[in-house]
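Undergrad: Sending over entry28.tsv (TSV, C-alpha atoms and all ligand atoms).
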chain	number	residue	atom	x	y	z
Y	79	MET	CA	254.41	102.10	204.80
Y	80	SER	CA	256.80	104.98	204.41
Y	81	GLN	CA	255.82	107.98	202.29
Y	82	PRO	CA	258.15	109.25	199.57
Y	83	ARG	CA	259.68	112.66	200.18
Y	84	LEU	CA	261.09	115.03	197.56
Y	85	VAL	CA	264.68	116.30	197.83
Y	86	GLU	CA	265.28	119.32	195.64
Y	87	VAL	CA	268.49	119.24	193.59
Y	88	ARG	CA	268.30	121.77	190.70
Y	89	GLN	CA	271.62	120.92	189.15
Y	90	ARG	CA	272.66	120.99	185.52
Y	91	VAL	CA	273.74	117.49	184.55
Y	92	LEU	CA	276.79	118.76	182.67
Y	93	LYS	CA	277.75	121.28	185.33
Y	94	GLN	CA	281.24	119.78	185.66
Y	95	ASN	CA	281.85	120.08	181.93
Y	96	ASP	CA	280.47	123.62	181.84
Y	97	LEU	CA	282.69	124.71	184.76
Y	98	LEU	CA	285.76	123.18	183.19
Y	99	ALA	CA	284.93	124.74	179.82
Y	100	ARG	CA	284.67	128.12	181.49
Y	101	GLU	CA	288.10	127.57	183.09
Y	102	LEU	CA	289.54	126.63	179.71
Y	103	ARG	CA	288.03	129.70	178.10
Y	104	GLU	CA	289.65	131.93	180.74
Y	105	CYS	CA	292.94	130.12	180.31
Y	106	PHE	CA	292.81	130.57	176.48
Y	107	HIS	CA	292.02	134.23	176.99
Y	108	ARG	CA	294.99	134.74	179.34
Y	109	ALA	CA	297.29	132.95	176.91
Y	110	GLY	CA	296.06	135.16	174.07
Y	111	VAL	CA	295.02	132.26	171.84
Y	112	ALA	CA	291.78	132.14	169.86
Y	113	VAL	CA	290.22	128.68	169.92
Y	114	ILE	CA	287.97	127.52	167.11
Y	115	SER	CA	286.24	124.16	166.76
Y	116	PHE	CA	284.74	122.28	163.81
Y	117	VAL	CA	281.82	119.85	164.09
Y	118	SER	CA	280.00	117.91	161.38
Y	119	SER	CA	278.83	114.47	160.42
Y	120	PRO	CA	281.64	112.07	159.44
Y	121	GLY	CA	283.08	112.89	156.02
Y	122	ALA	CA	281.62	116.39	155.65
Y	123	GLY	CA	285.12	117.73	155.08
Y	124	LYS	CA	286.44	119.01	158.42
Y	125	THR	CA	289.95	117.63	158.01
Y	126	ALA	CA	290.29	118.76	154.39
Y	127	LEU	CA	289.17	122.27	155.28
Y	128	LEU	CA	291.30	122.45	158.39
Y	129	GLU	CA	294.39	121.31	156.51
Y	130	THR	CA	293.90	124.20	154.09
Y	131	VAL	CA	293.19	126.68	156.88
Y	132	LEU	CA	296.31	125.65	158.83
Y	133	THR	CA	298.42	126.00	155.71
Y	134	ARG	CA	296.96	129.35	154.71
Y	135	LEU	CA	297.24	130.95	158.16
Y	136	GLN	CA	300.79	129.88	158.90
Y	137	PRO	CA	302.83	132.53	157.17
Y	138	GLU	CA	301.22	135.10	159.39
Y	139	TYR	CA	299.94	133.27	162.46
Y	140	ARG	CA	301.14	130.59	164.88
Y	141	VAL	CA	298.63	127.77	164.73
Y	142	ALA	CA	298.10	124.28	166.15
Y	143	ALA	CA	295.32	121.69	166.14
Y	144	LEU	CA	293.72	119.06	168.34
Y	145	VAL	CA	291.80	116.37	166.52
Y	146	GLY	CA	289.32	113.96	168.06
Y	147	ASP	CA	288.89	110.56	166.48
Y	148	LEU	CA	287.34	107.32	167.71
Y	149	ALA	CA	290.32	105.16	166.85
Y	150	THR	CA	292.65	106.17	164.06
Y	151	GLU	CA	295.38	108.77	163.71
Y	152	ASN	CA	294.73	109.35	160.00
Y	153	ASP	CA	293.34	112.85	160.45
Y	154	ALA	CA	296.25	113.90	162.66
Y	155	VAL	CA	298.66	112.70	159.99
Y	156	ARG	CA	296.77	114.63	157.29
Y	157	LEU	CA	296.70	117.83	159.39
Y	158	ALA	CA	300.39	117.50	160.28
Y	159	ARG	CA	301.19	117.83	156.56
Y	160	SER	CA	300.49	121.53	157.00
Y	161	GLY	CA	303.58	121.71	159.21
Y	162	ALA	CA	301.54	122.85	162.23
Y	163	PRO	CA	301.81	120.98	165.54
Y	164	VAL	CA	298.89	118.56	165.81
Y	165	ARG	CA	297.78	116.40	168.66
Y	166	GLN	CA	295.38	113.51	168.38
Y	167	ILE	CA	292.73	112.83	171.02
Y	168	VAL	CA	291.68	109.21	170.70
Y	169	THR	CA	288.22	109.03	172.20
Y	170	GLY	CA	287.76	105.26	171.98
Y	171	THR	CA	284.05	104.52	172.23
Y	172	VAL	CA	283.12	108.09	173.14
Y	173	CYS	CA	281.44	109.87	170.24
Y	174	HIS	CA	282.29	113.46	171.16
Y	175	LEU	CA	284.99	115.58	172.76
Y	176	ASP	CA	284.38	117.06	176.18
Y	177	ALA	CA	286.19	119.79	178.08
Y	178	GLN	CA	288.17	117.30	180.13
Y	179	MET	CA	289.58	115.58	177.04
Y	180	VAL	CA	290.70	118.95	175.72
Y	181	GLN	CA	292.27	119.85	179.04
Y	182	ARG	CA	294.08	116.51	179.27
Y	183	ALA	CA	295.41	116.84	175.73
Y	184	LEU	CA	296.76	120.29	176.55
Y	185	ASP	CA	298.22	119.23	179.91
Y	186	GLY	CA	299.80	116.11	178.49
Y	187	GLY	CA	302.43	118.09	176.63
Y	188	ALA	CA	300.60	118.78	173.41
Y	189	GLY	CA	303.87	119.73	171.73
Y	190	PHE	CA	303.05	123.43	171.97
Y	191	SER	CA	302.23	125.89	174.70
Y	192	LEU	CA	299.08	127.98	174.49
Y	193	GLU	CA	301.13	131.14	175.00
Y	194	SER	CA	303.07	130.44	171.81
Y	195	LEU	CA	299.90	130.28	169.66
Y	196	ASP	CA	297.61	132.70	167.89
Y	197	PHE	CA	295.05	130.04	166.96
Y	198	LEU	CA	294.20	126.61	168.26
Y	199	PHE	CA	291.80	124.56	166.14
Y	200	ILE	CA	289.81	121.62	167.42
Y	201	GLU	CA	288.31	119.02	165.07
Y	202	ASN	CA	285.54	117.26	166.94
Y	203	VAL	CA	284.54	113.63	166.37
Y	204	GLY	CA	282.30	113.26	163.31
Y	205	ASN	CA	278.84	113.40	164.85
Y	206	LEU	CA	275.99	115.91	164.63
Y	207	VAL	CA	274.28	114.91	167.85
Y	208	CYS	CA	276.54	114.31	170.81
Y	209	PRO	CA	279.05	117.18	170.51
Y	210	SER	CA	276.21	119.67	170.86
Y	211	SER	CA	275.92	119.06	174.61
Y	212	TYR	CA	279.57	119.76	175.42
Y	213	ASP	CA	281.12	123.19	175.62
Y	214	LEU	CA	284.86	122.91	174.96
Y	215	GLY	CA	285.72	126.46	175.99
Y	216	GLU	CA	286.19	127.47	172.36
Y	217	ASN	CA	285.65	131.06	171.18
Y	218	LEU	CA	283.92	130.04	167.98
Y	219	ARG	CA	282.23	126.86	166.80
Y	220	PHE	CA	281.79	126.09	163.13
Y	221	VAL	CA	279.22	123.51	162.08
Y	222	LEU	CA	279.82	122.05	158.61
Y	223	MET	CA	277.31	120.49	156.29
Y	224	SER	CA	278.46	119.32	152.89
Y	225	VAL	CA	276.39	119.56	149.74
Y	226	THR	CA	276.43	115.77	149.38
Y	227	GLU	CA	274.38	115.44	152.57
Y	228	GLY	CA	271.33	117.31	151.30
Y	229	GLU	CA	269.70	120.53	152.48
Y	230	ASP	CA	267.81	119.32	155.51
Y	231	LYS	CA	270.64	118.63	157.98
Y	232	PRO	CA	269.69	121.72	160.05
Y	233	LEU	CA	266.12	120.48	160.43
Y	234	LYS	CA	267.27	117.02	161.44
Y	235	TYR	CA	269.97	118.21	163.84
Y	236	PRO	CA	268.82	121.64	165.03
Y	237	THR	CA	270.66	121.45	168.34
Y	238	ILE	CA	274.13	121.35	166.83
Y	239	PHE	CA	273.24	124.36	164.68
Y	240	TYR	CA	271.82	126.04	167.73
Y	241	THR	CA	275.08	125.57	169.71
Y	242	ALA	CA	277.35	126.61	166.82
Y	243	ASP	CA	278.19	130.19	165.82
Y	244	VAL	CA	278.73	129.94	162.08
Y	245	ALA	CA	277.51	127.41	159.50
Y	246	ILE	CA	279.82	126.27	156.72
Y	247	ILE	CA	278.43	124.67	153.59
Y	248	ALA	CA	281.28	122.49	152.34
Y	249	LYS	CA	282.21	120.80	149.05
Y	250	MET	CA	280.54	123.53	147.00
Y	251	ASP	CA	282.44	122.23	143.93
Y	252	LEU	CA	279.99	119.29	144.01
Y	253	ALA	CA	276.86	121.43	144.33
Y	254	ALA	CA	275.81	121.17	140.70
Y	255	ALA	CA	276.50	117.43	140.48
Y	256	THR	CA	274.36	116.76	143.58
Y	257	GLU	CA	271.66	119.29	142.59
Y	258	PHE	CA	272.16	121.00	145.91
Y	259	ASP	CA	269.56	123.67	146.60
Y	260	LEU	CA	271.57	126.39	148.32
Y	261	GLU	CA	268.58	128.64	149.00
Y	262	ALA	CA	266.72	125.80	150.71
Y	263	ALA	CA	269.80	125.06	152.81
Y	264	ARG	CA	270.07	128.71	153.84
Y	265	ARG	CA	266.37	128.80	154.71
Y	266	ASN	CA	266.70	125.70	156.87
Y	267	ILE	CA	269.68	127.13	158.71
Y	268	GLN	CA	267.85	130.43	159.37
Y	269	SER	CA	264.82	128.50	160.52
Y	270	VAL	CA	266.64	126.71	163.34
Y	271	ARG	CA	269.07	129.54	164.10
Y	272	PRO	CA	267.83	132.94	163.00
Y	273	GLY	CA	270.68	135.25	162.02
Y	274	MET	CA	273.33	132.53	161.77
Y	275	PRO	CA	276.16	133.53	159.41
Y	276	VAL	CA	276.72	131.07	156.54
Y	277	ILE	CA	279.95	130.56	154.59
Y	278	CYS	CA	280.07	128.44	151.42
Y	279	VAL	CA	283.42	126.80	150.69
Y	280	SER	CA	285.24	124.26	148.61
Y	281	ALA	CA	288.39	122.91	150.22
Y	282	LYS	CA	289.20	121.26	146.87
Y	283	GLN	CA	288.98	124.35	144.69
Y	284	GLY	CA	289.51	127.11	147.24
Y	285	ALA	CA	286.21	128.93	146.70
Y	286	GLY	CA	285.02	130.80	149.77
Y	287	LEU	CA	288.30	130.35	151.65
Y	288	GLU	CA	288.86	134.08	151.93
Y	289	ASP	CA	285.49	134.46	153.65
Y	290	LEU	CA	286.34	131.66	156.03
Y	291	LEU	CA	289.79	133.03	156.81
Y	292	GLY	CA	288.18	136.42	157.36
Y	293	ALA	CA	285.74	134.95	159.89
Y	294	ILE	CA	288.61	133.18	161.65
Y	295	THR	CA	290.91	136.17	161.90
Y	296	ALA	CA	287.98	138.34	163.04
Y	297	VAL	CA	287.75	136.18	166.18
Y	298	ARG	CA	291.28	137.14	167.04
Y	299	LYS	CA	290.64	140.82	166.56
Y	300	VAL	CA	287.66	140.59	168.90
Y	301	SER	CA	289.61	138.78	171.61
Y	302	GLU	CA	292.55	141.17	171.25
Y	303	ALA	CA	290.22	144.12	171.65
Y	304	ALA	CA	288.72	142.48	174.75
Y	305	ARG	CA	292.18	142.09	176.28
Y	306	ALA	CA	293.33	145.60	175.46
T	156	MET	CA	275.15	107.94	171.47
T	157	HIS	CA	276.30	109.88	174.46
T	158	GLU	CA	273.26	109.14	176.57
T	159	LEU	CA	275.17	106.65	178.72
T	160	SER	CA	277.68	109.34	179.67
T	161	ILE	CA	274.74	111.65	180.38
T	162	ALA	CA	273.04	108.96	182.48
T	163	ASN	CA	276.30	108.44	184.39
T	164	ALA	CA	276.57	112.18	185.01
T	165	ILE	CA	273.00	112.21	186.37
T	166	VAL	CA	273.77	109.31	188.72
T	167	GLU	CA	276.97	111.02	189.87
T	168	GLY	CA	275.14	114.24	190.72
T	169	VAL	CA	272.39	112.38	192.57
T	170	ALA	CA	274.85	110.13	194.45
T	171	GLU	CA	276.85	113.16	195.55
T	172	LYS	CA	273.85	115.03	196.88
T	173	ALA	CA	272.49	111.85	198.53
T	174	ALA	CA	275.83	111.20	200.25
T	175	ARG	CA	275.90	114.76	201.59
T	176	CYS	CA	272.44	114.20	203.07
T	177	GLY	CA	273.25	110.74	204.42
T	178	ILE	CA	270.67	109.21	202.10
T	179	THR	CA	271.33	105.59	201.15
T	180	ARG	CA	268.47	104.86	198.75
T	181	VAL	CA	266.85	107.03	196.13
T	182	ALA	CA	263.33	106.07	195.05
T	183	ALA	CA	263.03	108.15	191.86
T	184	VAL	CA	264.99	110.82	189.99
T	185	HIS	CA	263.34	113.81	188.30
T	186	LEU	CA	264.91	115.35	185.25
T	187	SER	CA	263.95	118.41	183.23
T	188	LEU	CA	264.84	117.89	179.57
T	189	GLY	CA	264.57	120.43	176.76
T	190	PRO	CA	264.52	119.46	173.09
T	191	LEU	CA	267.54	121.73	172.50
T	192	SER	CA	269.68	119.89	175.05
T	193	GLY	CA	270.96	117.49	172.43
T	194	VAL	CA	269.89	114.53	174.52
T	195	VAL	CA	267.40	112.00	173.20
T	196	ARG	CA	264.86	111.00	175.81
T	197	ASP	CA	264.38	107.38	174.74
T	198	ALA	CA	268.10	106.70	174.47
T	199	LEU	CA	268.58	108.22	177.89
T	200	LEU	CA	265.81	106.09	179.42
T	201	PHE	CA	267.39	103.05	177.82
T	202	ALA	CA	270.81	103.85	179.31
T	203	TRP	CA	269.45	104.82	182.72
T	204	PRO	CA	269.13	101.38	184.45
T	205	LEU	CA	272.66	100.51	183.36
T	206	ALA	CA	274.06	103.71	184.83
T	207	ALA	CA	272.04	103.40	188.04
T	208	GLU	CA	273.03	99.78	188.69
T	209	GLY	CA	275.12	99.35	191.82
T	210	THR	CA	274.50	102.94	192.94
T	211	VAL	CA	272.22	104.72	195.38
T	212	ALA	CA	269.75	105.10	192.49
T	213	GLU	CA	269.59	101.43	191.49
T	214	GLY	CA	266.04	100.49	190.60
T	215	ALA	CA	264.83	104.10	190.81
T	216	PRO	CA	262.88	105.26	187.76
T	217	LEU	CA	264.09	108.30	185.86
T	218	VAL	CA	261.10	110.62	185.54
T	219	VAL	CA	261.61	112.96	182.58
T	220	ALA	CA	259.66	116.23	182.33
T	221	ASP	CA	259.84	117.80	178.88
T	222	ALA	CA	260.81	121.46	179.10
T	223	PRO	CA	259.13	123.62	176.44
T	224	VAL	CA	261.05	125.70	173.93
T	225	THR	CA	260.38	129.40	174.32
T	226	ILE	CA	261.98	132.28	172.48
T	227	PHE	CA	262.44	135.90	173.40
T	228	CYS	CA	261.70	138.20	170.48
T	229	SER	CA	264.03	141.17	170.09
T	230	HIS	CA	261.42	142.95	167.94
T	231	CYS	CA	258.32	142.83	170.12
T	232	GLN	CA	259.90	141.66	173.41
T	233	ALA	CA	257.39	138.82	173.68
T	234	VAL	CA	258.33	135.42	175.06
T	235	THR	CA	256.45	132.83	173.05
T	236	SER	CA	256.51	129.16	172.21
T	237	PRO	CA	257.37	128.68	168.54
T	238	ARG	CA	255.12	126.41	166.52
T	239	SER	CA	258.05	124.03	166.13
T	240	TRP	CA	261.47	124.00	167.75
T	241	ARG	CA	262.84	123.57	164.26
T	242	GLU	CA	261.43	126.95	163.33
T	243	LEU	CA	262.36	129.62	165.84
T	244	VAL	CA	259.90	132.28	164.75
T	245	CYS	CA	258.11	134.61	167.19
T	246	SER	CA	254.46	133.53	167.53
T	247	ALA	CA	253.42	137.07	168.42
T	248	CYS	CA	254.84	139.08	165.51
T	249	GLY	CA	256.24	136.51	163.12
T	250	SER	CA	259.76	137.88	163.26
T	251	ALA	CA	262.71	135.50	163.16
T	252	ALA	CA	264.85	137.57	165.50
T	253	GLY	CA	264.36	135.28	168.45
T	254	ARG	CA	266.76	134.24	171.15
T	255	VAL	CA	266.10	130.92	172.89
T	256	ALA	CA	264.81	131.58	176.41
T	257	SER	CA	264.25	127.98	177.42
T	258	GLY	CA	264.44	124.52	175.93
T	259	THR	CA	268.10	123.68	176.52
T	260	GLU	CA	267.44	122.25	179.99
T	261	LEU	CA	269.28	119.13	181.06
T	262	GLU	CA	268.85	119.40	184.77
T	263	VAL	CA	268.18	117.14	187.72
T	264	THR	CA	265.38	118.96	189.48
T	265	ALA	CA	264.86	116.61	192.45
T	266	PHE	CA	264.89	113.06	193.67
T	267	GLU	CA	262.48	111.11	195.85
T	268	VAL	CA	263.44	109.25	199.00
T	269	ASP	CA	261.43	107.15	201.42
T	270	ASP	CA	260.47	108.89	204.61
T	271	ASP	CA	262.70	106.72	206.79
T	272	GLU	CA	265.77	108.28	205.16
T	273	PRO	CA	267.45	111.12	207.08
T	274	ALA	CA	266.12	114.67	206.62
T	275	THR	CA	267.86	116.87	204.07
T	276	VAL	CA	270.85	118.77	205.37
T	277	GLY	CA	272.77	119.97	202.33
F	401	LIG	N1	284.97	117.37	146.07
F	401	LIG	C1	285.34	117.69	147.32
F	401	LIG	N2	285.64	116.71	148.18
F	401	LIG	C2	285.99	117.05	149.44
F	401	LIG	C3	286.04	118.40	149.87
F	401	LIG	N3	286.40	118.42	151.16
F	401	LIG	C4	286.59	117.13	151.53
F	401	LIG	N4	286.35	116.30	150.49
F	401	LIG	C5	286.45	114.84	150.49
F	401	LIG	O1	285.50	114.30	151.39
F	401	LIG	C6	286.02	113.19	152.08
F	401	LIG	C7	285.93	113.39	153.57
F	401	LIG	O2	286.68	114.53	153.94
F	401	LIG	P1	287.31	114.71	155.38
F	401	LIG	O3	288.05	115.99	155.38
F	401	LIG	O4	288.07	113.49	155.78
F	401	LIG	O5	285.99	114.81	156.27
F	401	LIG	P2	285.83	114.78	157.88
F	401	LIG	O6	285.44	113.40	158.25
F	401	LIG	O7	284.73	115.75	158.16
F	401	LIG	O8	287.13	115.20	158.49
F	401	LIG	C8	287.46	113.02	151.58
F	401	LIG	O9	287.47	112.05	150.60
F	401	LIG	C9	287.79	114.39	151.02
F	401	LIG	O10	288.74	114.33	150.00
F	401	LIG	C10	285.71	119.42	148.91
F	401	LIG	O11	285.71	120.63	149.18
F	401	LIG	N5	285.36	119.00	147.67
F	402	MG	MG	288.28	114.30	159.96
F	403	ZN	ZN	257.92	139.16	168.15
Rewrite the coordinates I just gave you, this time as structure tokens.
TA:
Amino acid sequence: MSQPRLVEVRQRVLKQNDLLARELRECFHRAGVAVISFVSSPGAGKTALLETVLTRLQPEYRVAALVGDLATENDAVRLARSGAPVRQIVTGTVCHLDAQMVQRALDGGAGFSLESLDFLFIENVGNLVCPSSYDLGENLRFVLMSVTEGEDKPLKYPTIFYTADVAIIAKMDLAAATEFDLEAARRNIQSVRPGMPVICVSAKQGAGLEDLLGAITAVRKVSEAARA
Amino acid sequence: MHELSIANAIVEGVAEKAARCGITRVAAVHLSLGPLSGVVRDALLFAWPLAAEGTVAEGAPLVVADAPVTIFCSHCQAVTSPRSWRELVCSACGSAAGRVASGTELEVTAFEVDDDEPATVG
């Protein structure tokens, strides 16, 4: 009988994605575009918020968006109402975006060139689990939780909070109606990601938008300083 | 669930390394998996046989070693295991100023082959 022998590998499973994401990040940097992604469970309010953000930034900045969706183009249509160029990434059965999908969307004539942009936004597929494993090369990742989902999302999905940079608590206009406990939500976020900045917003009523826009434009200042 | 794409990526990595070494059959695959990797162990184990089918790893079990979560504390410089990976608090001084030092692993550490396979070259 033959004896088993061990062959050492030591390789990150998502090495290909990580390498490609790094390439994308360098390419974004060279083009002078700040790239910001949004992740959340389905229906937390990514598209509504992004539509507002695209509209509000446009007088001053050149913006565009990529939006991942399993099947439909509804979100792309909603975002295009802002007047910004939008490209849909239909993921089919895949429940997350990966770096290759982003690269393909950009290579396939996204309707804009990176050099002509100040900001590129990416709306990930609605999912709090799978997107956490895939770096897209973005400069900043927002994770949204809406007040209608309860306070314990961070405890149930710590990894997505761990891989994101800033937490957004969305639909604050419904906080009273849903008896949302903001302090508990903040505690849960800090518990899984100590020091994580939190921004409370309502896309419907506009509360907190200035804070959000401030966090977004700050990314650009940082990347400009890095290039200078 | 993205565990099937993860399982496929594992198989790809193993098949590539095996091909470089001239290995035609893999007997087992060892994976290090941290709770902060975003990958669910049971879903991955469920997807594994499907991904391995028709490849060099067909029939080989996926052996998963759970990597512990540890955090580095910027207050007291200690590296400790938090009581829970949902509560990243330094076990030494109780401060919440921790940075994750390990626990995000999603890494193929090794695979097993029978001794009649060629010796490793690459
Ligand atoms: N009341 C309220 N409803 C919102 C807000 N933001 C989004 N919604 C609603 O929540 C639903 C899902 O929003 P959508 O932007 O499609 O979520 P997505 O799946 O994360 O992109 C829609 O019916 C929106 O009108 C908000 O700030 N307040
Ligand atoms: Mg949407
Ligand atoms: Zn400490």
Undergrad: Name the closest residue to chain Y among the candidates T:Arg238, T:His230, T:Arg254, T:Arg175; distances are taken between atoms, counting all atoms listed in the file.
TA: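 For chain Y, the nearest of the given residues is T:Arg254.
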Undergrad: I'd like the box whose edges run along x, y and z of the file and which contains every listed atom of segment 110-129 of chain Y, padded by 6 Å per side; could you state its centre and edge lengths in Å, one decimal, as lines of an AutoDock Vina configuration file?
TA:
center_x = 287.4
center_y = 123.6
center_z = 164.2
size_x = 29.2
size_y = 35.1
size_z = 31.7
Undergrad: Could you give me, as a tab-separated table, a per-residue list for chain T showing, wherever an atom lies at most 10 Å from an atom of chain Y, the closest pair of atoms and their distance in Å to one decimal, using only C-alpha atoms and sorting by chain then residue number from low to high?
TA:
residue	atom	partner	partner_atom	distance
T:Met156	CA	Y:Cys208	CA	6.6
T:His157	CA	Y:Cys208	CA	5.7
T:Glu158	CA	Y:Cys208	CA	8.4
T:Leu159	CA	Y:Val172	CA	9.8
T:Ser160	CA	Y:Val172	CA	8.6
T:Ile161	CA	Y:Val91	CA	7.2
T:Ala162	CA	Y:Val91	CA	8.8
T:Asn163	CA	Y:Val91	CA	9.4
T:Ala164	CA	Y:Val91	CA	6.0
T:Ile165	CA	Y:Val91	CA	5.6
T:Val166	CA	Y:Val91	CA	9.2
T:Glu167	CA	Y:Val91	CA	9.0
T:Gly168	CA	Y:Val91	CA	7.1
T:Val169	CA	Y:Val87	CA	8.0
T:Lys172	CA	Y:Val87	CA	7.6
T:Ala173	CA	Y:Val85	CA	9.0
T:Cys176	CA	Y:Val85	CA	9.6
T:Val181	CA	Y:Pro82	CA	9.6
T:Ala182	CA	Y:Pro82	CA	7.6
T:Ala183	CA	Y:Leu84	CA	9.1
T:Val184	CA	Y:Leu84	CA	9.5
T:His185	CA	Y:Val87	CA	9.2
T:Leu186	CA	Y:Arg88	CA	9.1
T:Ser187	CA	Y:Arg88	CA	9.3
T:Pro190	CA	Y:Thr237	CA	8.0
T:Leu191	CA	Y:Thr237	CA	5.2
T:Ser192	CA	Y:Ser211	CA	6.3
T:Gly193	CA	Y:Ser211	CA	5.6
T:Val194	CA	Y:Ser211	CA	7.5
T:Val195	CA	Y:Val207	CA	9.2
T:Ser239	CA	Y:Val270	CA	9.4
T:Trp240	CA	Y:Val270	CA	7.3
T:Arg241	CA	Y:Val270	CA	5.0
T:Glu242	CA	Y:Ser269	CA	4.7
T:Leu243	CA	Y:Val270	CA	5.7
T:Val244	CA	Y:Ser269	CA	7.5
T:Ser250	CA	Y:Pro272	CA	9.5
T:Ala251	CA	Y:Pro272	CA	5.7
T:Ala252	CA	Y:Pro272	CA	6.0
T:Gly253	CA	Y:Pro272	CA	6.9
T:Arg254	CA	Y:Pro272	CA	8.3
T:Val255	CA	Y:Tyr240	CA	9.1
T:Thr259	CA	Y:Thr237	CA	8.9
T:Glu260	CA	Y:Arg90	CA	7.7
T:Leu261	CA	Y:Val91	CA	5.9
T:Glu262	CA	Y:Arg90	CA	4.2
T:Val263	CA	Y:Gln89	CA	5.3
T:Thr264	CA	Y:Arg88	CA	4.2
T:Ala265	CA	Y:Glu86	CA	4.2
T:Phe266	CA	Y:Val85	CA	5.3
T:Glu267	CA	Y:Leu84	CA	4.5
T:Val268	CA	Y:Arg83	CA	5.2
T:Asp269	CA	Y:Pro82	CA	4.3
T:Asp270	CA	Y:Gln81	CA	5.3
T:Asp271	CA	Y:Ser80	CA	6.6
T:Glu272	CA	Y:Arg83	CA	9.0
T:Ala274	CA	Y:Val85	CA	9.1
T:Thr275	CA	Y:Val85	CA	7.0
T:Gly277	CA	Y:Val87	CA	9.8
Undergrad: Atom CA of Ala177 of chain Y to atom CA of Val203 of chain Y: how many Å, to one decimal?
TA: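 One can read the atom CA of Ala177 of chain Y to atom CA of Val203 of chain Y distance as 13.3 Å.
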Undergrad: For Gln181 of chain Y, list every protein, DNA or RNA residue within 10 Å, evaluated using only C-alpha atoms, and leave out those in the same chain fewer than 4 positions away; present the list as a list in words.
TA: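 Returned residues: Leu98, Ala99, Glu101, Leu102, Asp176, Ala177, Asp185, Gly186, Leu214 and Gly215 of chain Y.
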Undergrad: Keeping C-alpha atoms for every residue in the selection just given, could you write it to a file as an mmCIF file, keeping the file's coordinate frame?
TA:
data_model
loop_
_atom_site.group_PDB
_atom_site.id
_atom_site.type_symbol
_atom_site.label_atom_id
_atom_site.label_comp_id
_atom_site.auth_asym_id
_atom_site.auth_seq_id
_atom_site.Cartn_x
_atom_site.Cartn_y
_atom_site.Cartn_z
ATOM 1 C CA LEU Y 98 285.760 123.180 183.190
ATOM 2 C CA ALA Y 99 284.930 124.740 179.820
ATOM 3 C CA GLU Y 101 288.100 127.570 183.090
ATOM 4 C CA LEU Y 102 289.540 126.630 179.710
ATOM 5 C CA ASP Y 176 284.380 117.060 176.180
ATOM 6 C CA ALA Y 177 286.190 119.790 178.080
ATOM 7 C CA ASP Y 185 298.220 119.230 179.910
ATOM 8 C CA GLY Y 186 299.800 116.110 178.490
ATOM 9 C CA LEU Y 214 284.860 122.910 174.960
ATOM 10 C CA GLY Y 215 285.720 126.460 175.990
#
Undergrad: Could the residues that lie within 10 Å of ligand LIG 401 (chain F), counting only C-alpha atoms and all ligand atoms, be listed as number ranges by chain?
TA: Y: 116-130, 145-147, 152-153, 156-157, 201-205, 222-226, 247-253, 278-285
Undergrad: Hey, can you check how far atom CA of Ala142 of chain Y sits from atom CA of Asp213 of chain Y?
TA: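 Taking atom CA of Ala142 of chain Y and atom CA of Asp213 of chain Y, their separation equals 19.5 Å.
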